[in-house]
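Take a look at the structure set out below.
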Amino acid sequence: MHYDDIYVQPVRKHNAPATPYGWQPVAPPILRAFCSYEFPFDKIDPNAEVSLIIINPQGGEAELFFDLSRMR
């Protein structure tokens, strides 16, 4: 997670194995996985805007933005 010009690592994470989802005979397979990450409260303001950076093993990257004050 990127917050206030620092990268905060999760204190706990759970990455379940991906499972097939919405299988169709002619379409490419779709996989779905549920992942859980916990970040330390003492390093992040609960009313801040943060970005979650997701990096896949092949080197691709996605960035998701969250306004924590609106998530309650």
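A note on labels: chains of the structure tokens are A, B, ... as shown, every chain counts residues from 1, and ligands are counted from 1 in their shown order.
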Counting only C-alpha atoms, what is within 12 Å of Phe41 (chain A), bar same-chain residues fewer than 5 positions away, as an mmCIF file with N, CA, C and O atoms, in the first residue's frame?
data_model
loop_
_atom_site.group_PDB
_atom_site.id
_atom_site.type_symbol
_atom_site.label_atom_id
_atom_site.label_comp_id
_atom_site.auth_asym_id
_atom_site.auth_seq_id
_atom_site.Cartn_x
_atom_site.Cartn_y
_atom_site.Cartn_z
ATOM 1 N N VAL A 8 3.705 0.721 2.640
ATOM 2 C CA VAL A 8 3.385 -0.008 3.873
ATOM 3 C C VAL A 8 3.094 -1.455 3.499
ATOM 4 O O VAL A 8 2.222 -1.734 2.668
ATOM 5 N N GLN A 9 3.822 -2.372 4.097
ATOM 6 C CA GLN A 9 3.628 -3.795 3.843
ATOM 7 C C GLN A 9 2.552 -4.341 4.776
ATOM 8 O O GLN A 9 2.398 -3.876 5.906
ATOM 9 N N PRO A 10 1.782 -5.332 4.337
ATOM 10 C CA PRO A 10 0.775 -5.922 5.216
ATOM 11 C C PRO A 10 1.428 -6.686 6.371
ATOM 12 O O PRO A 10 2.509 -7.242 6.229
ATOM 13 N N VAL A 11 0.750 -6.684 7.518
ATOM 14 C CA VAL A 11 1.250 -7.446 8.665
ATOM 15 C C VAL A 11 0.767 -8.889 8.597
ATOM 16 O O VAL A 11 1.336 -9.771 9.218
ATOM 17 N N PRO A 46 -6.851 6.515 9.283
ATOM 18 C CA PRO A 46 -8.095 5.891 8.823
ATOM 19 C C PRO A 46 -8.962 6.801 7.959
ATOM 20 O O PRO A 46 -9.939 6.346 7.379
ATOM 21 N N ASN A 47 -8.621 8.074 7.846
ATOM 22 C CA ASN A 47 -9.366 9.005 6.991
ATOM 23 C C ASN A 47 -8.582 9.396 5.736
ATOM 24 O O ASN A 47 -8.977 10.312 5.022
ATOM 25 N N ALA A 48 -7.512 8.703 5.456
ATOM 26 C CA ALA A 48 -6.632 9.061 4.345
ATOM 27 C C ALA A 48 -7.095 8.449 3.028
ATOM 28 O O ALA A 48 -7.939 7.556 2.990
ATOM 29 N N LEU A 68 -10.322 5.957 2.503
ATOM 30 C CA LEU A 68 -10.684 5.187 3.693
ATOM 31 C C LEU A 68 -11.796 5.834 4.490
ATOM 32 O O LEU A 68 -12.583 5.140 5.136
#
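Compared by their closest atoms to Glu38 (chain A), and using only C-alpha atoms, the residues A:Gly59, A:His14, A:Ser51, A:Leu64 rank with A:His14 nearest.
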For Tyr7 (chain A), find every residue with an atom within 12 Å (counting only C-alpha atoms), except residues of its own chain fewer than 5 positions away, and show them as an mmCIF file with N, CA, C and O atoms, in the first residue's frame.
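Result file follows (part_15.cif):
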data_model
loop_
_atom_site.group_PDB
_atom_site.id
_atom_site.type_symbol
_atom_site.label_atom_id
_atom_site.label_comp_id
_atom_site.auth_asym_id
_atom_site.auth_seq_id
_atom_site.Cartn_x
_atom_site.Cartn_y
_atom_site.Cartn_z
ATOM 1 N N MET A 1 0.850 -1.162 0.000
ATOM 2 C CA MET A 1 0.000 0.000 0.000
ATOM 3 C C MET A 1 0.894 1.223 0.000
ATOM 4 O O MET A 1 1.912 1.258 0.690
ATOM 5 N N HIS A 2 0.504 2.228 -0.769
ATOM 6 C CA HIS A 2 1.261 3.476 -0.822
ATOM 7 C C HIS A 2 0.464 4.551 -0.092
ATOM 8 O O HIS A 2 -0.693 4.794 -0.407
ATOM 9 N N PHE A 39 -3.272 -4.349 7.240
ATOM 10 C CA PHE A 39 -2.221 -3.343 7.356
ATOM 11 C C PHE A 39 -2.249 -2.745 8.759
ATOM 12 O O PHE A 39 -3.304 -2.654 9.381
ATOM 13 N N PRO A 40 -1.092 -2.311 9.268
ATOM 14 C CA PRO A 40 -1.026 -1.773 10.632
ATOM 15 C C PRO A 40 -1.724 -0.416 10.737
ATOM 16 O O PRO A 40 -1.544 0.455 9.892
ATOM 17 N N LYS A 43 0.377 3.054 11.155
ATOM 18 C CA LYS A 43 1.098 3.656 10.039
ATOM 19 C C LYS A 43 0.181 4.325 9.020
ATOM 20 O O LYS A 43 0.658 4.971 8.099
ATOM 21 N N ILE A 44 -1.147 4.177 9.189
ATOM 22 C CA ILE A 44 -2.090 4.700 8.195
ATOM 23 C C ILE A 44 -3.197 5.467 8.895
ATOM 24 O O ILE A 44 -3.826 4.965 9.827
ATOM 25 N N VAL A 50 -5.527 6.261 0.061
ATOM 26 C CA VAL A 50 -4.383 5.372 -0.130
ATOM 27 C C VAL A 50 -4.500 4.701 -1.493
ATOM 28 O O VAL A 50 -5.566 4.689 -2.103
ATOM 29 N N SER A 51 -3.406 4.133 -1.951
ATOM 30 C CA SER A 51 -3.448 3.328 -3.168
ATOM 31 C C SER A 51 -2.871 1.953 -2.850
ATOM 32 O O SER A 51 -1.876 1.827 -2.143
ATOM 33 N N LEU A 52 -3.547 0.941 -3.358
ATOM 34 C CA LEU A 52 -3.104 -0.438 -3.199
ATOM 35 C C LEU A 52 -2.463 -0.840 -4.514
ATOM 36 O O LEU A 52 -3.084 -0.738 -5.576
ATOM 37 N N ILE A 53 -1.217 -1.283 -4.461
ATOM 38 C CA ILE A 53 -0.481 -1.670 -5.662
ATOM 39 C C ILE A 53 -0.404 -3.187 -5.697
ATOM 40 O O ILE A 53 0.095 -3.812 -4.761
#
Next item on the list: Write down as a ChimeraX atom specification the residues belonging to chain A that are assigned strand (DSSP E or B) by DSSP computed on the backbone.
Entry: /A:2-3,6-7,12-15,19-20,31-32,35-38,49-55,61-67
